[in-house]
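Worksheet for the structure shown next.
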Amino acid sequence: MNGLEDLYREIILDHYRTPRNRGELETPPAVRADGFNPLCGDEIVVYIDVDDAGVISDVAIGGQGCSISQSSASMMSAAIKGKTVSTARDLIVAFKGLMSIHETDIGGDGSESGGEAGSDIDMSFDNTDDMALGDLEALKGVVKFPVRIKCATLSWNTLAEALEEASPIQ
Amino acid sequence: MSLPTNIKDDFPVLQQSFHGKSVVYLDSGNTSQKPQAVINAMSRYYEADNANVHRGSYELAVRATAALEDARAKVARFINAPSTSEVVFTKNATESLNLLARSWGGANLRAGDAVVISEMEHHANIVPWHMLVAELGIELRWIPVDDRGHLDLTDLDRLLDGAKLLSVTAMSNVLGTLNDIPRLAKAAHDAGALLAVDASQYVPHVATDVQAMGADFVVFTGHKMLGPMGIGVFWSRAEILEAMPPFLGGGEMILQVTKEGFTTNEIPWKFEAGTPMVAEAVGLGAAIDYLNELGMDNVRKHEVELTAYAMRKLTETHGDRITIHGPSEPSERGGVLSFVYTGSGGEIHPHDIAQVLDQAGVCVRAGHHCAKPLMTVLGANATSRASLYVYNDESDIDQLAAALTAADDMFSF
Ligand SMILES: Cc1ncc(COP(=O)(O)O)c(C=O)c1O
């Protein structure tokens with residue numbers, strides 16, 4: 001049985017109540033990407049400013065949604081601010097790994113293996129161990145609630161789009 | 001007369017518990033649970049009568065054919081259709097509306113012709129028309145919804161001016177609003193248009209008389225009325241059905257096939273290509289027997305009483321924090337309660353509400369309920385929705401109210 005406390009960890013609720021880096025950035029110089037979950041109507045807007053050295057000098061988050069999508073976006077913004085684009089990309093991979101690898105660990109309950117999770121995750125590229133996810137680890141309880149995984153990954157997919165626009169992969 | 005107090009015993013799904021709590025099923029607007037009688041009828045069909053229909057002369061084939069046609073007759077009586085041959089079986093209400101758009105629409109609509117729908121339609125009564133906008137260049141017009149959750153009919157005559165079809169829901173799956181179908185039928189006919197009624201949320205809850213409605217087409221879906229998934233109904237008057245071209249082509253729907261072409265079967269089989277869903281038809285027939293046993297007047301009475309109780313209880317327990325969409329008068333609505341919950345930290349997202357409720361065994365739906373244009377009118381991206389049916393009682397509502405307190409505690413700050 002999955003307890004709610006696995007999902008709604010205190011740190012998640014904290015980010016939900018006091019979201020970090022909430023707002024907008026002027027575009028340009030910032031780039032903006034919009035993410036949308038058609039299932040529940042959640043929207044995330046990610047703004048990033050990338051300087052000449054490839055560092056994400058500023059980030060802002062807009063949009064609205066459930067506690068999981070909002071707190072994930074807030075934690076993400078805190079984790080990438082001041083980091084390089086390439087570190088942010090590694091974080092995306094690590095975070096999406098976190099949202100999928102645990103699926104096999106939780107086992108037992110057949111309903112957990114719903115098709116929602118991992119469909120867009122490259123399992124071969126698993127470097128979760130190398131990346132310090134910090135607070136983001138608190139979100140790993142989400143994998144026990146398969147329908148919520150899309151909520152947690154929405155901001156990350158949107159960030160990937162913003163990074164692609166700011167600094168396309170060569 | 002009211003519904004039996006031990007009615008939950010008839011529904012095996014409701015005997016279970018989740019997370020240590022016995023299930024409180026409040027998502028019947030999405031799909032209803034099935035009584036044992038329906039489940040038994042379907043397995044009995046497979047155990048005793050299964051064969052393909054309309055094509056064998058042996059005893060089993062005769063029985064299977066009779067099972068399908070008996071179910072059709074039950075549906076016809078249940079909705080007071082003038083003739084059994086006017087009842088077409090489809091997969092669900094969505095397929096019925098696509099049949100309407102493709103077959104009737106394809107034959108009768110041309111570029112510039114107008115179809116009128118409303119802002120409270122389910123996507124099933126929107127997207128098939130959008131497809132005809134793209135393919136044929138028809139014009140789609142919308143009846144607005146007012147802030148009390150009723151259709152705003154102020155401009156109805158103008159909207160219907162020159163229109164070929166009015167297609168509206170009899171009861172909103174988000175607001176619970178019951179629309180005045182006879183009035184809409186008259187307005188449509190006065191304007192020279194036909195009336196199609198999406199009765200998916202209506203037939204399960206209110207005694208239905210397609211003739212009294214004055215409709216030209218009525219569609220609904222079996223799984224919301226205690227029947228199985230995989231069967232729906234398309235009803236129209238015989239002369240309209242006769243004039244409509246077939247929808248899907250193949251076996252069953254033909255009389256004659258040659259290298260040069262084909263001739264269509266009689267109605268209703270003309271619209272039923274391929275092997276039909278016989279067990280599902282039998283299940284739907286058993287669901288109708290069950291509802292008739294309860295009495296549709298009792299079903300509706302129970303719904304109005306329980307809806308009134310729910311609105312009172314939720315408001316008593318949660319005051320201003322809960323806003324229930326749709327008409328405030330229980331007799332003007334069905335038992336569909338879409339709500340927004342605002343805790344001390346602001347609105348609690350429907351997903352979070354549904355998740356906390358799930359821990360208490362309470363099943364509600366969170367989302368846009370396949371009615372995005374209506375959500376835009378309501379200014380919401382999502383709502384939580386509790387929807388009631390015959391097996392729900394006051395204790396279910398009490399548990400909903402208590403579980404909402406738990407959600408409030410968790411997300412308020
Ligand atoms: C008003 C209304 N119309 C149509 C439908 C579609 O029913 P089905 O998915 O069974 O085709 C629904 C079900 O959600 C509904 O509530």
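We name chains A, B, ... following the order of the structure tokens; residues begin at 1 in each chain, and ligands are numbered from 1 as shown.
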Quiz prompt | 12 Å contacts from chain A to chain B using only C-alpha atoms, as a ChimeraX atom specification | solution = /A:1-5,7-10,12-18,36-43,63-70,142,145-148,150-151
Mind dumping a table of every chain B residue within 10 Å of ligand 1, with the nearest atom pair and its distance in Å to one decimal, using only C-alpha atoms and all ligand atoms, sorted by chain and rising number, as a tab-separated table?
```
residue	atom	partner	partner_atom_place_in_ligand_line	distance
B:Ser28	CA	ligand 1	14 (O)	9.7
B:Gly29	CA	ligand 1	16 (O)	6.4
B:Asn30	CA	ligand 1	14 (O)	5.4
B:Thr31	CA	ligand 1	14 (O)	7.6
B:Thr90	CA	ligand 1	11 (O)	9.4
B:Lys91	CA	ligand 1	11 (O)	7.5
B:Asn92	CA	ligand 1	11 (O)	4.2
B:Ala93	CA	ligand 1	11 (O)	3.8
B:Thr94	CA	ligand 1	11 (O)	3.6
B:Glu95	CA	ligand 1	11 (O)	6.3
B:Ser96	CA	ligand 1	11 (O)	7.8
B:Leu97	CA	ligand 1	4 (C)	8.4
B:Asn98	CA	ligand 1	11 (O)	9.8
B:Met120	CA	ligand 1	1 (C)	8.7
B:Glu121	CA	ligand 1	1 (C)	6.5
B:His122	CA	ligand 1	3 (N)	5.0
B:His123	CA	ligand 1	4 (C)	7.3
B:Ala124	CA	ligand 1	4 (C)	5.3
B:Asn125	CA	ligand 1	3 (N)	6.7
B:Ile126	CA	ligand 1	3 (N)	9.8
B:Val168	CA	ligand 1	1 (C)	9.0
B:Thr169	CA	ligand 1	1 (C)	6.0
B:Ala170	CA	ligand 1	1 (C)	7.8
B:Met171	CA	ligand 1	1 (C)	6.6
B:Ser172	CA	ligand 1	1 (C)	5.8
B:Asn173	CA	ligand 1	16 (O)	4.6
B:Val174	CA	ligand 1	16 (O)	8.0
B:Gly176	CA	ligand 1	1 (C)	9.7
B:Val197	CA	ligand 1	3 (N)	9.5
B:Asp198	CA	ligand 1	3 (N)	5.8
B:Ala199	CA	ligand 1	1 (C)	6.7
B:Ser200	CA	ligand 1	2 (C)	4.9
B:Gln201	CA	ligand 1	1 (C)	5.4
B:Tyr202	CA	ligand 1	1 (C)	8.3
B:Val219	CA	ligand 1	4 (C)	8.4
B:Phe220	CA	ligand 1	4 (C)	7.1
B:Thr221	CA	ligand 1	10 (O)	4.9
B:Gly222	CA	ligand 1	10 (O)	7.2
B:His223	CA	ligand 1	10 (O)	6.6
B:Lys224	CA	ligand 1	10 (O)	7.4
B:Met229	CA	ligand 1	10 (O)	7.4
B:Gly230	CA	ligand 1	10 (O)	7.8
B:Ile231	CA	ligand 1	10 (O)	8.0
B:Gly232	CA	ligand 1	10 (O)	7.0
B:Val233	CA	ligand 1	11 (O)	9.9
B:His369	CA	ligand 1	14 (O)	7.2
B:Cys370	CA	ligand 1	14 (O)	6.9
B:Ala371	CA	ligand 1	1 (C)	8.9
```
Practice problem: Using CA of Asp10 (chain B) and CA of Met277 (chain B) as the two end points, give the distance in Å to one decimal. | Solution: 24.2 Å
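Each of B:Gly326, B:Asp70, B:Asn179, B:Gln36 was compared to Gln15 (chain B) using only C-alpha atoms, and B:Gln36 turns out to be the nearest.
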Quiz prompt | Contacts of Met75 (chain A) within 8 Å, only C-alpha atoms, excl. fewer than 6 positions in-chain, as a list in words | solution =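 Contacts, in chain order: His15, Arg20, Asp135 and Leu136 of chain A.
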Keeping only N, CA, C and O atoms, write the selected residues as a PDB file, in the first residue's frame.
```pdb
ATOM      1  N   HIS A  15       7.818  23.444  -1.290  1.00  0.00           N
ATOM      2  CA  HIS A  15       8.016  24.077  -2.604  1.00  0.00           C
ATOM      3  C   HIS A  15       6.694  24.487  -3.238  1.00  0.00           C
ATOM      4  O   HIS A  15       6.616  25.460  -3.967  1.00  0.00           O
ATOM      5  N   ARG A  20       9.819  28.593  -5.643  1.00  0.00           N
ATOM      6  CA  ARG A  20      11.036  29.368  -5.907  1.00  0.00           C
ATOM      7  C   ARG A  20      11.024  29.864  -7.357  1.00  0.00           C
ATOM      8  O   ARG A  20      10.531  29.172  -8.247  1.00  0.00           O
ATOM      9  N   ASP A 135      17.368  17.765  -3.108  1.00  0.00           N
ATOM     10  CA  ASP A 135      15.956  17.813  -2.731  1.00  0.00           C
ATOM     11  C   ASP A 135      15.066  17.038  -3.698  1.00  0.00           C
ATOM     12  O   ASP A 135      14.013  16.522  -3.320  1.00  0.00           O
ATOM     13  N   LEU A 136      15.503  17.008  -4.950  1.00  0.00           N
ATOM     14  CA  LEU A 136      14.666  16.376  -5.977  1.00  0.00           C
ATOM     15  C   LEU A 136      14.395  14.904  -5.673  1.00  0.00           C
ATOM     16  O   LEU A 136      13.404  14.336  -6.131  1.00  0.00           O
TER      17      LEU A 136
END
```
Quiz item: What's the 8 Å shell around Ile80 (chain A), counting only C-alpha atoms, without same-chain residues fewer than 6 positions away, as a ChimeraX atom specification?
Solution: /A:56,87-88
Quiz item: What is the CA of Leu154 (chain A)-CA of Pro168 (chain A) distance in Å, reported with one decimal?
Solution: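 CA of Leu154 (chain A) sits 20.0 Å away from CA of Pro168 (chain A).
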Exercise. Determine which residues of region 215-398 of chain B DSSP labels as alpha helix (DSSP H) from the backbone of this structure, then write them out as an NGL selection string.
Key: :B and (238-243 or 278-294 or 296-318 or 350-359 or 372-378 or 394-398)
Contacts of region 384-400 of chain B at 6 Å (only C-alpha atoms; same-chain gap of 3+ positions) as a PDB file with all heavy atoms, in the first residue's frame:
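So out_11.pdb came out as:
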```pdb
ATOM      1  N   ILE B   7     -29.038  -2.201  -1.620  1.00  0.00           N
ATOM      2  CA  ILE B   7     -28.745  -2.251  -3.059  1.00  0.00           C
ATOM      3  C   ILE B   7     -27.257  -2.453  -3.350  1.00  0.00           C
ATOM      4  O   ILE B   7     -26.889  -3.101  -4.328  1.00  0.00           O
ATOM      5  CB  ILE B   7     -29.291  -0.980  -3.765  1.00  0.00           C
ATOM      6  CG1 ILE B   7     -29.161  -1.105  -5.278  1.00  0.00           C
ATOM      7  CG2 ILE B   7     -28.624   0.280  -3.259  1.00  0.00           C
ATOM      8  CD1 ILE B   7     -29.913  -0.042  -6.053  1.00  0.00           C
ATOM      9  N   LYS B   8     -26.389  -1.959  -2.481  1.00  0.00           N
ATOM     10  CA  LYS B   8     -24.941  -2.119  -2.708  1.00  0.00           C
ATOM     11  C   LYS B   8     -24.552  -3.599  -2.816  1.00  0.00           C
ATOM     12  O   LYS B   8     -23.589  -3.928  -3.507  1.00  0.00           O
ATOM     13  CB  LYS B   8     -24.156  -1.482  -1.563  1.00  0.00           C
ATOM     14  CG  LYS B   8     -23.886   0.016  -1.722  1.00  0.00           C
ATOM     15  CD  LYS B   8     -22.812   0.420  -0.718  1.00  0.00           C
ATOM     16  CE  LYS B   8     -22.676   1.860  -0.395  1.00  0.00           C
ATOM     17  NZ  LYS B   8     -22.770   2.946  -1.208  1.00  0.00           N
ATOM     18  N   VAL B  24     -15.850   3.881  -1.873  1.00  0.00           N
ATOM     19  CA  VAL B  24     -16.961   4.816  -2.039  1.00  0.00           C
ATOM     20  C   VAL B  24     -16.872   5.294  -3.487  1.00  0.00           C
ATOM     21  O   VAL B  24     -16.021   6.109  -3.839  1.00  0.00           O
ATOM     22  CB  VAL B  24     -16.831   6.004  -1.069  1.00  0.00           C
ATOM     23  CG1 VAL B  24     -17.893   7.050  -1.362  1.00  0.00           C
ATOM     24  CG2 VAL B  24     -16.930   5.529   0.365  1.00  0.00           C
ATOM     25  N   LEU B  26     -17.791   7.269  -6.512  1.00  0.00           N
ATOM     26  CA  LEU B  26     -18.500   8.503  -6.878  1.00  0.00           C
ATOM     27  C   LEU B  26     -18.068   8.973  -8.264  1.00  0.00           C
ATOM     28  O   LEU B  26     -17.824  10.162  -8.482  1.00  0.00           O
ATOM     29  CB  LEU B  26     -18.235   9.585  -5.821  1.00  0.00           C
ATOM     30  CG  LEU B  26     -18.806   9.305  -4.420  1.00  0.00           C
ATOM     31  CD1 LEU B  26     -18.323  10.336  -3.413  1.00  0.00           C
ATOM     32  CD2 LEU B  26     -20.335   9.276  -4.459  1.00  0.00           C
ATOM     33  N   ASP B  27     -17.947   8.016  -9.186  1.00  0.00           N
ATOM     34  CA  ASP B  27     -17.525   8.370 -10.544  1.00  0.00           C
ATOM     35  C   ASP B  27     -18.441   7.720 -11.580  1.00  0.00           C
ATOM     36  O   ASP B  27     -17.998   7.314 -12.652  1.00  0.00           O
ATOM     37  CB  ASP B  27     -16.065   7.958 -10.754  1.00  0.00           C
ATOM     38  CG  ASP B  27     -15.446   8.645 -11.963  1.00  0.00           C
ATOM     39  OD1 ASP B  27     -15.992   9.680 -12.411  1.00  0.00           O
ATOM     40  OD2 ASP B  27     -14.421   8.144 -12.476  1.00  0.00           O
ATOM     41  N   SER B  28     -19.717   7.636 -11.269  1.00  0.00           N
ATOM     42  CA  SER B  28     -20.643   6.961 -12.182  1.00  0.00           C
ATOM     43  C   SER B  28     -20.935   7.783 -13.431  1.00  0.00           C
ATOM     44  O   SER B  28     -21.378   7.235 -14.442  1.00  0.00           O
ATOM     45  CB  SER B  28     -21.950   6.633 -11.459  1.00  0.00           C
ATOM     46  OG  SER B  28     -21.684   5.747 -10.401  1.00  0.00           O
ATOM     47  N   GLY B  29     -20.690   9.078 -13.389  1.00  0.00           N
ATOM     48  CA  GLY B  29     -20.816   9.887 -14.597  1.00  0.00           C
ATOM     49  C   GLY B  29     -19.784   9.469 -15.632  1.00  0.00           C
ATOM     50  O   GLY B  29     -19.951   9.698 -16.829  1.00  0.00           O
ATOM     51  N   ALA B 310     -26.267  15.959  -0.688  1.00  0.00           N
ATOM     52  CA  ALA B 310     -24.840  16.209  -0.928  1.00  0.00           C
ATOM     53  C   ALA B 310     -24.546  17.707  -0.959  1.00  0.00           C
ATOM     54  O   ALA B 310     -23.575  18.180  -0.358  1.00  0.00           O
ATOM     55  CB  ALA B 310     -24.404  15.550  -2.238  1.00  0.00           C
ATOM     56  N   GLY B 335     -27.215  14.196 -10.652  1.00  0.00           N
ATOM     57  CA  GLY B 335     -26.313  14.031  -9.516  1.00  0.00           C
ATOM     58  C   GLY B 335     -24.853  14.084  -9.904  1.00  0.00           C
ATOM     59  O   GLY B 335     -24.070  13.197  -9.580  1.00  0.00           O
ATOM     60  N   VAL B 336     -24.497  15.137 -10.625  1.00  0.00           N
ATOM     61  CA  VAL B 336     -23.109  15.347 -11.032  1.00  0.00           C
ATOM     62  C   VAL B 336     -22.640  16.612 -10.329  1.00  0.00           C
ATOM     63  O   VAL B 336     -23.170  17.685 -10.581  1.00  0.00           O
ATOM     64  CB  VAL B 336     -23.016  15.547 -12.559  1.00  0.00           C
ATOM     65  CG1 VAL B 336     -21.629  16.004 -12.949  1.00  0.00           C
ATOM     66  CG2 VAL B 336     -23.375  14.269 -13.286  1.00  0.00           C
ATOM     67  N   LEU B 337     -21.682  16.468  -9.411  1.00  0.00           N
ATOM     68  CA  LEU B 337     -21.249  17.622  -8.631  1.00  0.00           C
ATOM     69  C   LEU B 337     -19.792  17.944  -8.942  1.00  0.00           C
ATOM     70  O   LEU B 337     -18.873  17.310  -8.411  1.00  0.00           O
ATOM     71  CB  LEU B 337     -21.427  17.323  -7.135  1.00  0.00           C
ATOM     72  CG  LEU B 337     -22.871  17.002  -6.721  1.00  0.00           C
ATOM     73  CD1 LEU B 337     -22.924  16.372  -5.348  1.00  0.00           C
ATOM     74  CD2 LEU B 337     -23.734  18.252  -6.777  1.00  0.00           C
ATOM     75  N   SER B 338     -19.600  18.913  -9.833  1.00  0.00           N
ATOM     76  CA  SER B 338     -18.247  19.389 -10.117  1.00  0.00           C
ATOM     77  C   SER B 338     -17.965  20.515  -9.154  1.00  0.00           C
ATOM     78  O   SER B 338     -18.785  21.413  -8.998  1.00  0.00           O
ATOM     79  CB  SER B 338     -18.144  19.931 -11.534  1.00  0.00           C
ATOM     80  OG  SER B 338     -18.214  18.891 -12.455  1.00  0.00           O
ATOM     81  N   PHE B 339     -16.815  20.471  -8.524  1.00  0.00           N
ATOM     82  CA  PHE B 339     -16.542  21.512  -7.549  1.00  0.00           C
ATOM     83  C   PHE B 339     -15.102  21.973  -7.569  1.00  0.00           C
ATOM     84  O   PHE B 339     -14.211  21.292  -8.065  1.00  0.00           O
ATOM     85  CB  PHE B 339     -16.939  21.059  -6.140  1.00  0.00           C
ATOM     86  CG  PHE B 339     -16.228  19.811  -5.665  1.00  0.00           C
ATOM     87  CD1 PHE B 339     -15.019  19.907  -4.994  1.00  0.00           C
ATOM     88  CD2 PHE B 339     -16.770  18.555  -5.892  1.00  0.00           C
ATOM     89  CE1 PHE B 339     -14.360  18.766  -4.547  1.00  0.00           C
ATOM     90  CE2 PHE B 339     -16.119  17.410  -5.449  1.00  0.00           C
ATOM     91  CZ  PHE B 339     -14.912  17.511  -4.777  1.00  0.00           C
ATOM     92  N   PRO B 350      -7.465  19.842  -8.371  1.00  0.00           N
ATOM     93  CA  PRO B 350      -8.288  18.627  -8.409  1.00  0.00           C
ATOM     94  C   PRO B 350      -7.495  17.322  -8.350  1.00  0.00           C
ATOM     95  O   PRO B 350      -7.951  16.348  -7.751  1.00  0.00           O
ATOM     96  CB  PRO B 350      -9.033  18.758  -9.739  1.00  0.00           C
ATOM     97  CG  PRO B 350      -9.141  20.233  -9.945  1.00  0.00           C
ATOM     98  CD  PRO B 350      -7.879  20.825  -9.386  1.00  0.00           C
ATOM     99  N   VAL B 364     -13.266   9.856  -7.064  1.00  0.00           N
ATOM    100  CA  VAL B 364     -13.854  10.954  -7.832  1.00  0.00           C
ATOM    101  C   VAL B 364     -12.972  11.199  -9.044  1.00  0.00           C
ATOM    102  O   VAL B 364     -11.832  10.759  -9.086  1.00  0.00           O
ATOM    103  CB  VAL B 364     -13.961  12.272  -7.023  1.00  0.00           C
ATOM    104  CG1 VAL B 364     -14.851  12.105  -5.806  1.00  0.00           C
ATOM    105  CG2 VAL B 364     -12.578  12.798  -6.645  1.00  0.00           C
ATOM    106  N   ARG B 365     -13.506  11.911 -10.009  1.00  0.00           N
ATOM    107  CA  ARG B 365     -12.711  12.213 -11.185  1.00  0.00           C
ATOM    108  C   ARG B 365     -12.145  13.624 -11.086  1.00  0.00           C
ATOM    109  O   ARG B 365     -12.840  14.542 -10.651  1.00  0.00           O
ATOM    110  CB  ARG B 365     -13.569  12.087 -12.440  1.00  0.00           C
ATOM    111  CG  ARG B 365     -12.768  12.375 -13.705  1.00  0.00           C
ATOM    112  CD  ARG B 365     -13.443  11.863 -14.945  1.00  0.00           C
ATOM    113  NE  ARG B 365     -12.697  12.286 -16.128  1.00  0.00           N
ATOM    114  CZ  ARG B 365     -13.172  12.264 -17.353  1.00  0.00           C
ATOM    115  NH1 ARG B 365     -14.405  11.841 -17.571  1.00  0.00           N
ATOM    116  NH2 ARG B 365     -12.441  12.653 -18.370  1.00  0.00           N
ATOM    117  N   ALA B 366     -10.903  13.772 -11.503  1.00  0.00           N
ATOM    118  CA  ALA B 366     -10.293  15.093 -11.578  1.00  0.00           C
ATOM    119  C   ALA B 366      -9.880  15.331 -13.017  1.00  0.00           C
ATOM    120  O   ALA B 366      -9.331  14.449 -13.648  1.00  0.00           O
ATOM    121  CB  ALA B 366      -9.055  15.161 -10.690  1.00  0.00           C
ATOM    122  N   ALA B 403     -13.360  13.212   3.777  1.00  0.00           N
ATOM    123  CA  ALA B 403     -12.100  13.114   3.043  1.00  0.00           C
ATOM    124  C   ALA B 403     -11.673  14.486   2.527  1.00  0.00           C
ATOM    125  O   ALA B 403     -10.475  14.779   2.430  1.00  0.00           O
ATOM    126  CB  ALA B 403     -12.243  12.120   1.890  1.00  0.00           C
TER     127      ALA B 403
END
```
Practice problem: Measuring atom to atom with only C-alpha atoms, identify which of B:Glu329, B:Glu47, B:Glu119, B:Asp297 is nearest to Ala207 (chain B). | Solution: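 Of the candidates, the smallest distance to Ala207 (chain B) is held by B:Asp297.
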Compile the contact shell of Ile267 (chain B) as an mmCIF file with all heavy atoms, in the first residue's frame: residues with an atom at most 9 Å away, counting only C-alpha atoms, same-chain residues fewer than 6 positions apart removed.
```
data_model
loop_
_atom_site.group_PDB
_atom_site.id
_atom_site.type_symbol
_atom_site.label_atom_id
_atom_site.label_comp_id
_atom_site.auth_asym_id
_atom_site.auth_seq_id
_atom_site.Cartn_x
_atom_site.Cartn_y
_atom_site.Cartn_z
ATOM 1 N N SER B 85 -37.036 -1.523 -34.864
ATOM 2 C CA SER B 85 -36.093 -1.404 -35.988
ATOM 3 C C SER B 85 -35.413 -0.031 -36.034
ATOM 4 O O SER B 85 -34.534 0.208 -36.846
ATOM 5 C CB SER B 85 -36.810 -1.676 -37.307
ATOM 6 O OG SER B 85 -37.793 -0.674 -37.517
ATOM 7 N N GLU B 86 -35.826 0.857 -35.144
ATOM 8 C CA GLU B 86 -35.186 2.180 -35.093
ATOM 9 C C GLU B 86 -34.002 2.223 -34.132
ATOM 10 O O GLU B 86 -33.352 3.248 -33.983
ATOM 11 C CB GLU B 86 -36.219 3.241 -34.666
ATOM 12 C CG GLU B 86 -37.337 3.390 -35.682
ATOM 13 C CD GLU B 86 -38.409 4.382 -35.256
ATOM 14 O OE1 GLU B 86 -38.439 4.779 -34.077
ATOM 15 O OE2 GLU B 86 -39.226 4.753 -36.112
ATOM 16 N N VAL B 87 -33.752 1.090 -33.453
ATOM 17 C CA VAL B 87 -32.669 1.054 -32.461
ATOM 18 C C VAL B 87 -31.426 0.411 -33.096
ATOM 19 O O VAL B 87 -31.423 -0.783 -33.404
ATOM 20 C CB VAL B 87 -33.096 0.256 -31.218
ATOM 21 C CG1 VAL B 87 -31.919 0.069 -30.264
ATOM 22 C CG2 VAL B 87 -34.266 0.960 -30.522
ATOM 23 N N VAL B 88 -30.401 1.217 -33.296
ATOM 24 C CA VAL B 88 -29.146 0.743 -33.885
ATOM 25 C C VAL B 88 -28.127 0.571 -32.767
ATOM 26 O O VAL B 88 -27.938 1.487 -31.956
ATOM 27 C CB VAL B 88 -28.610 1.763 -34.913
ATOM 28 C CG1 VAL B 88 -27.251 1.313 -35.460
ATOM 29 C CG2 VAL B 88 -29.612 1.976 -36.045
ATOM 30 N N ALA B 238 -37.698 6.006 -38.286
ATOM 31 C CA ALA B 238 -37.483 5.063 -39.390
ATOM 32 C C ALA B 238 -37.258 5.775 -40.720
ATOM 33 O O ALA B 238 -36.356 5.408 -41.482
ATOM 34 C CB ALA B 238 -38.671 4.094 -39.487
ATOM 35 N N LEU B 241 -33.766 7.079 -40.901
ATOM 36 C CA LEU B 241 -32.797 5.989 -41.021
ATOM 37 C C LEU B 241 -32.814 5.396 -42.426
ATOM 38 O O LEU B 241 -31.774 5.078 -43.009
ATOM 39 C CB LEU B 241 -33.102 4.890 -39.993
ATOM 40 C CG LEU B 241 -32.830 5.227 -38.527
ATOM 41 C CD1 LEU B 241 -33.346 4.114 -37.625
ATOM 42 C CD2 LEU B 241 -31.342 5.456 -38.275
ATOM 43 N N GLU B 242 -34.030 5.241 -42.986
ATOM 44 C CA GLU B 242 -34.138 4.676 -44.339
ATOM 45 C C GLU B 242 -33.374 5.525 -45.344
ATOM 46 O O GLU B 242 -32.738 5.005 -46.266
ATOM 47 C CB GLU B 242 -35.613 4.628 -44.786
ATOM 48 C CG GLU B 242 -36.532 3.763 -43.943
ATOM 49 C CD GLU B 242 -36.383 2.274 -44.223
ATOM 50 O OE1 GLU B 242 -35.486 1.907 -45.004
ATOM 51 O OE2 GLU B 242 -37.157 1.494 -43.631
ATOM 52 N N MET B 253 -24.466 -5.795 -42.952
ATOM 53 C CA MET B 253 -25.173 -4.573 -43.360
ATOM 54 C C MET B 253 -25.640 -4.659 -44.818
ATOM 55 O O MET B 253 -26.214 -3.718 -45.336
ATOM 56 C CB MET B 253 -24.344 -3.312 -43.112
ATOM 57 C CG MET B 253 -22.932 -3.240 -43.660
ATOM 58 S SD MET B 253 -22.783 -3.005 -45.445
ATOM 59 C CE MET B 253 -23.363 -1.336 -45.619
#
```
Quiz item: What lies within 8 Å of region 106-115 of chain B using only C-alpha atoms, ignoring chain neighbours under 4 positions off, as a ChimeraX atom specification?
Solution: /B:101-102,129,136-141,162-167,244-245
